[in-house]
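Asker: Below is a structure I'd like to ask you about.
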Amino acid sequence: MIKVGQRLKETRLQKGITLEEISQSTKIKTEFLEYIENGDYEKLPSSSYAHGFVRNYARFLNLPEDETLAIFRREFDEEKFFRVLPDGFTRTSEFSLSKFKIRQAVGLVFFLFLLLLFYILFQYKDAIINPYVKVSYPQDKAVIFQSQVTVTGKTDPQNLVFIQDFQVSPDSNGNFRKILSVFPGKSEIKIKVINRFNKKTEITRHIEVKT
């Protein structure tokens with residue numbers, strides 16, 4: 001029974017076409033075309049390349065593609081196919097489709113796990129971390145030349161804020177302010193912030209009042 005390589009080679013010679021001409025037209029390397037004509041399929045990059053090369057070669061010679069591929073499949077033993085690339089040709093990744101799908105699934109599960117973990121940490125970070133608070137004024141060791149001082153700062157809008165035991169409600173942006181009466185001399189201003197998990201942050205500002 002005639003083999004695919006013999007049929008392709010005979011047709012090519014009958015038409016007076018060189019391997020170089022076919023290579024230029026099909027973009028298949030000349031040595032790959034020689035491997036096909038000689039039946040050396042194990043020297044081709046992979047089984048998928050072998051099928052594609054035979055199909056394109058038959059198409060170029062105007063041979064029936066389906067019939068040619070049917071003959072090719074009968075003589076092509078994929079289990080003995082080495083899948084080793086010739087020198088100078090980029091190697092293809094040597095993993096099966098099933099392994100690729102498993103890796104994709106594992107990667108997706110890992111990504112979803114990280115996403116869930118991030119969501120949980122974001123939602124319950126207040127149960128772990130003390131509440132954020134920034135006191136803008138006064139600065140520590142500030143010198144005040146009036147009988148009143150306006151304490152300002154920022155925190156989460158949902159937190160409770162206490163300034164010298166006076167509860168202050170932050171606005172929708174978390175800004176808070178409280179006007180305190182102060183007396184000459186050195187004193188302390190205590191700012192305490194408590195979140196919904198009863199975690200708290202305390203800041204003390206030392207000031208000196210001079211009149």
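The way I read the labels, and the way they are meant: chains A, B, ... in the order of the structure tokens, residue 1 as the first residue of every chain, and ligand 1 as the first ligand shown, with later ones counted on from there.
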Need to verify the contact set: segment 176-191 of chain A, 10 Å, only C-alpha atoms, exclusion of same-chain residues closer than 2 positions in sequence. Can you return it as an mmCIF file with C-alpha atoms, in the first residue's frame?
Answerer:
data_model
loop_
_atom_site.group_PDB
_atom_site.id
_atom_site.type_symbol
_atom_site.label_atom_id
_atom_site.label_comp_id
_atom_site.auth_asym_id
_atom_site.auth_seq_id
_atom_site.Cartn_x
_atom_site.Cartn_y
_atom_site.Cartn_z
ATOM 1 C CA VAL A 133 -6.976 58.178 64.022
ATOM 2 C CA LYS A 134 -5.040 61.268 63.035
ATOM 3 C CA VAL A 135 -4.984 64.342 65.271
ATOM 4 C CA SER A 136 -4.354 67.385 63.115
ATOM 5 C CA TYR A 137 -4.368 69.959 65.900
ATOM 6 C CA PRO A 138 -2.902 70.615 68.362
ATOM 7 C CA ASP A 140 2.270 67.574 70.809
ATOM 8 C CA LYS A 141 4.069 70.129 73.014
ATOM 9 C CA ALA A 142 2.216 72.971 71.325
ATOM 10 C CA VAL A 143 2.132 76.371 72.995
ATOM 11 C CA ILE A 144 -1.324 77.957 73.128
ATOM 12 C CA PHE A 145 -1.822 81.702 73.634
ATOM 13 C CA GLN A 146 -5.560 81.694 74.199
ATOM 14 C CA SER A 147 -8.084 80.263 76.589
ATOM 15 C CA GLN A 148 -9.614 77.882 74.060
ATOM 16 C CA VAL A 149 -8.163 75.243 71.757
ATOM 17 C CA THR A 150 -9.914 73.490 68.881
ATOM 18 C CA VAL A 151 -8.999 69.822 68.650
ATOM 19 C CA THR A 152 -9.353 68.474 65.120
ATOM 20 C CA GLY A 153 -8.608 65.128 63.503
ATOM 21 C CA LYS A 154 -9.856 62.309 61.335
ATOM 22 C CA THR A 155 -10.896 58.682 61.771
ATOM 23 C CA PRO A 157 -16.951 57.754 60.392
ATOM 24 C CA VAL A 161 -14.498 59.602 69.407
ATOM 25 C CA PHE A 162 -13.916 60.913 72.922
ATOM 26 C CA ILE A 163 -11.960 64.086 73.645
ATOM 27 C CA GLN A 164 -11.357 64.666 77.345
ATOM 28 C CA ASP A 165 -14.301 62.270 77.969
ATOM 29 C CA PHE A 166 -16.589 64.360 75.745
ATOM 30 C CA GLN A 167 -18.082 62.252 72.960
ATOM 31 C CA VAL A 168 -17.640 63.812 69.527
ATOM 32 C CA SER A 169 -19.430 62.582 66.402
ATOM 33 C CA PRO A 170 -17.299 62.427 63.226
ATOM 34 C CA ASP A 171 -18.898 63.689 60.018
ATOM 35 C CA SER A 172 -19.515 61.499 56.961
ATOM 36 C CA ASN A 173 -15.844 61.856 55.986
ATOM 37 C CA GLY A 174 -14.580 60.962 59.448
ATOM 38 C CA VAL A 193 -11.223 56.351 69.449
ATOM 39 C CA THR A 201 -6.598 53.899 70.042
ATOM 40 C CA GLU A 202 -5.566 56.609 72.484
ATOM 41 C CA ILE A 203 -3.506 59.696 71.715
ATOM 42 C CA THR A 204 -2.310 62.260 74.225
ATOM 43 C CA ARG A 205 -1.323 65.790 73.291
ATOM 44 C CA HIS A 206 0.776 67.738 75.798
ATOM 45 C CA ILE A 207 0.241 71.477 75.538
ATOM 46 C CA GLU A 208 1.310 74.605 77.389
ATOM 47 C CA VAL A 209 -1.105 77.502 77.711
ATOM 48 C CA LYS A 210 0.315 81.017 78.008
ATOM 49 C CA THR A 211 -1.882 84.072 78.339
#
Asker: From the DSSP assignment of the backbone, select every residue of segment 108-202 of chain A that is helix (DSSP H, G or I), and format the answer as a VMD selection string.
Answerer: chain A and resid 108 to 123 125 to 127
Asker: Can I get the selected residues back with N, CA and C atoms, as a PDB file, in the first residue's frame?
Answerer:
ATOM      1  N   LEU A 108      -7.272  28.819  39.478  1.00  0.00           N
ATOM      2  CA  LEU A 108      -8.521  29.555  39.707  1.00  0.00           C
ATOM      3  C   LEU A 108      -8.974  29.414  41.156  1.00  0.00           C
ATOM      4  N   VAL A 109      -8.882  28.197  41.710  1.00  0.00           N
ATOM      5  CA  VAL A 109      -9.272  27.982  43.109  1.00  0.00           C
ATOM      6  C   VAL A 109      -8.377  28.797  44.038  1.00  0.00           C
ATOM      7  N   PHE A 110      -7.079  28.811  43.754  1.00  0.00           N
ATOM      8  CA  PHE A 110      -6.148  29.571  44.585  1.00  0.00           C
ATOM      9  C   PHE A 110      -6.454  31.061  44.518  1.00  0.00           C
ATOM     10  N   PHE A 111      -6.776  31.553  43.315  1.00  0.00           N
ATOM     11  CA  PHE A 111      -7.113  32.966  43.161  1.00  0.00           C
ATOM     12  C   PHE A 111      -8.379  33.310  43.934  1.00  0.00           C
ATOM     13  N   LEU A 112      -9.397  32.442  43.846  1.00  0.00           N
ATOM     14  CA  LEU A 112     -10.648  32.683  44.570  1.00  0.00           C
ATOM     15  C   LEU A 112     -10.422  32.630  46.077  1.00  0.00           C
ATOM     16  N   PHE A 113      -9.538  31.741  46.510  1.00  0.00           N
ATOM     17  CA  PHE A 113      -9.212  31.666  47.934  1.00  0.00           C
ATOM     18  C   PHE A 113      -8.563  32.958  48.419  1.00  0.00           C
ATOM     19  N   LEU A 114      -7.607  33.470  47.640  1.00  0.00           N
ATOM     20  CA  LEU A 114      -6.965  34.731  48.007  1.00  0.00           C
ATOM     21  C   LEU A 114      -7.973  35.879  48.013  1.00  0.00           C
ATOM     22  N   LEU A 115      -8.879  35.851  47.025  1.00  0.00           N
ATOM     23  CA  LEU A 115      -9.902  36.900  46.958  1.00  0.00           C
ATOM     24  C   LEU A 115     -10.804  36.849  48.184  1.00  0.00           C
ATOM     25  N   LEU A 116     -11.218  35.642  48.584  1.00  0.00           N
ATOM     26  CA  LEU A 116     -12.063  35.484  49.765  1.00  0.00           C
ATOM     27  C   LEU A 116     -11.319  35.906  51.027  1.00  0.00           C
ATOM     28  N   LEU A 117     -10.054  35.522  51.122  1.00  0.00           N
ATOM     29  CA  LEU A 117      -9.249  35.891  52.288  1.00  0.00           C
ATOM     30  C   LEU A 117      -9.105  37.402  52.388  1.00  0.00           C
ATOM     31  N   PHE A 118      -8.865  38.036  51.247  1.00  0.00           N
ATOM     32  CA  PHE A 118      -8.734  39.495  51.234  1.00  0.00           C
ATOM     33  C   PHE A 118     -10.040  40.153  51.672  1.00  0.00           C
ATOM     34  N   TYR A 119     -11.160  39.604  51.199  1.00  0.00           N
ATOM     35  CA  TYR A 119     -12.470  40.164  51.557  1.00  0.00           C
ATOM     36  C   TYR A 119     -12.717  40.045  53.066  1.00  0.00           C
ATOM     37  N   ILE A 120     -12.395  38.858  53.627  1.00  0.00           N
ATOM     38  CA  ILE A 120     -12.604  38.647  55.063  1.00  0.00           C
ATOM     39  C   ILE A 120     -11.730  39.582  55.885  1.00  0.00           C
ATOM     40  N   LEU A 121     -10.467  39.706  55.477  1.00  0.00           N
ATOM     41  CA  LEU A 121      -9.560  40.597  56.203  1.00  0.00           C
ATOM     42  C   LEU A 121     -10.025  42.045  56.108  1.00  0.00           C
ATOM     43  N   PHE A 122     -10.548  42.411  54.934  1.00  0.00           N
ATOM     44  CA  PHE A 122     -11.020  43.786  54.768  1.00  0.00           C
ATOM     45  C   PHE A 122     -12.247  44.049  55.636  1.00  0.00           C
ATOM     46  N   GLN A 123     -13.149  43.069  55.700  1.00  0.00           N
ATOM     47  CA  GLN A 123     -14.378  43.256  56.463  1.00  0.00           C
ATOM     48  C   GLN A 123     -14.139  43.237  57.974  1.00  0.00           C
ATOM     49  N   LYS A 125     -11.025  43.655  59.523  1.00  0.00           N
ATOM     50  CA  LYS A 125      -9.732  44.215  59.933  1.00  0.00           C
ATOM     51  C   LYS A 125      -9.853  44.995  61.233  1.00  0.00           C
ATOM     52  N   ASP A 126     -11.041  45.577  61.474  1.00  0.00           N
ATOM     53  CA  ASP A 126     -11.233  46.350  62.700  1.00  0.00           C
ATOM     54  C   ASP A 126     -11.205  45.477  63.950  1.00  0.00           C
ATOM     55  N   ALA A 127     -11.424  44.159  63.773  1.00  0.00           N
ATOM     56  CA  ALA A 127     -11.373  43.261  64.918  1.00  0.00           C
ATOM     57  C   ALA A 127      -9.937  42.894  65.267  1.00  0.00           C
TER      58      ALA A 127
END
Asker: What's the 7 Å shell around segment 36-41 of chain A, counting only C-alpha atoms, without same-chain residues fewer than 5 positions away, as a ChimeraX atom specification?
Answerer: /A:5-6,8-9,50
Asker: For N, CA and C atoms, I'd like the residues from the last selection saved as a PDB file, in the first residue's frame.
Answerer:
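That gives us selection_31.pdb:
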ATOM      1  N   GLY A   5       3.893   9.775   2.280  1.00  0.00           N
ATOM      2  CA  GLY A   5       5.102  10.429   1.820  1.00  0.00           C
ATOM      3  C   GLY A   5       5.415  10.116   0.366  1.00  0.00           C
ATOM      4  N   GLN A   6       5.248   8.834  -0.001  1.00  0.00           N
ATOM      5  CA  GLN A   6       5.504   8.435  -1.385  1.00  0.00           C
ATOM      6  C   GLN A   6       4.535   9.118  -2.344  1.00  0.00           C
ATOM      7  N   LEU A   8       2.916  11.957  -1.930  1.00  0.00           N
ATOM      8  CA  LEU A   8       3.226  13.389  -2.027  1.00  0.00           C
ATOM      9  C   LEU A   8       4.466  13.621  -2.892  1.00  0.00           C
ATOM     10  N   LYS A   9       5.484  12.791  -2.675  1.00  0.00           N
ATOM     11  CA  LYS A   9       6.717  12.965  -3.424  1.00  0.00           C
ATOM     12  C   LYS A   9       6.505  12.702  -4.914  1.00  0.00           C
ATOM     13  N   ALA A  50       2.561  17.432  12.652  1.00  0.00           N
ATOM     14  CA  ALA A  50       2.600  16.441  11.577  1.00  0.00           C
ATOM     15  C   ALA A  50       1.302  16.460  10.771  1.00  0.00           C
TER      16      ALA A  50
END
Asker: Going by DSSP on the backbone, which bits of segment 95-172 of chain A are strand (DSSP E)? Write them as a list of chain:residue names, please.
Answerer: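 Everything in segment 95-172 of chain A that counts as strand (DSSP E) is A:Val133, A:Lys134, A:Val135, A:Ser136, A:Tyr137, A:Ala142, A:Val143, A:Ile144, A:Gln148, A:Val149, A:Thr150, A:Val151, A:Thr152, A:Gly153, A:Lys154, A:Thr155, A:Leu160, A:Val161, A:Phe162, A:Ile163, A:Phe166, A:Gln167, A:Val168.
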Asker: For those residues, write C-alpha atoms to a file as a PDB file, in the first residue's frame.
Answerer:
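This went into part30.pdb:
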ATOM      1  CA  VAL A 133      -6.976  58.178  64.022  1.00  0.00           C
ATOM      2  CA  LYS A 134      -5.040  61.268  63.035  1.00  0.00           C
ATOM      3  CA  VAL A 135      -4.984  64.342  65.271  1.00  0.00           C
ATOM      4  CA  SER A 136      -4.354  67.385  63.115  1.00  0.00           C
ATOM      5  CA  TYR A 137      -4.368  69.959  65.900  1.00  0.00           C
ATOM      6  CA  ALA A 142       2.216  72.971  71.325  1.00  0.00           C
ATOM      7  CA  VAL A 143       2.132  76.371  72.995  1.00  0.00           C
ATOM      8  CA  ILE A 144      -1.324  77.957  73.128  1.00  0.00           C
ATOM      9  CA  GLN A 148      -9.614  77.882  74.060  1.00  0.00           C
ATOM     10  CA  VAL A 149      -8.163  75.243  71.757  1.00  0.00           C
ATOM     11  CA  THR A 150      -9.914  73.490  68.881  1.00  0.00           C
ATOM     12  CA  VAL A 151      -8.999  69.822  68.650  1.00  0.00           C
ATOM     13  CA  THR A 152      -9.353  68.474  65.120  1.00  0.00           C
ATOM     14  CA  GLY A 153      -8.608  65.128  63.503  1.00  0.00           C
ATOM     15  CA  LYS A 154      -9.856  62.309  61.335  1.00  0.00           C
ATOM     16  CA  THR A 155     -10.896  58.682  61.771  1.00  0.00           C
ATOM     17  CA  LEU A 160     -16.679  56.636  68.509  1.00  0.00           C
ATOM     18  CA  VAL A 161     -14.498  59.602  69.407  1.00  0.00           C
ATOM     19  CA  PHE A 162     -13.916  60.913  72.922  1.00  0.00           C
ATOM     20  CA  ILE A 163     -11.960  64.086  73.645  1.00  0.00           C
ATOM     21  CA  PHE A 166     -16.589  64.360  75.745  1.00  0.00           C
ATOM     22  CA  GLN A 167     -18.082  62.252  72.960  1.00  0.00           C
ATOM     23  CA  VAL A 168     -17.640  63.812  69.527  1.00  0.00           C
TER      24      VAL A 168
END
Asker: When distances are computed from only C-alpha atoms, which of A:Phe72, A:Glu31, A:Arg59, A:Asn198 shows the smallest separation from Arg12 of chain A?
Answerer: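 Closest to Arg12 of chain A, using only C-alpha atoms: A:Arg59.
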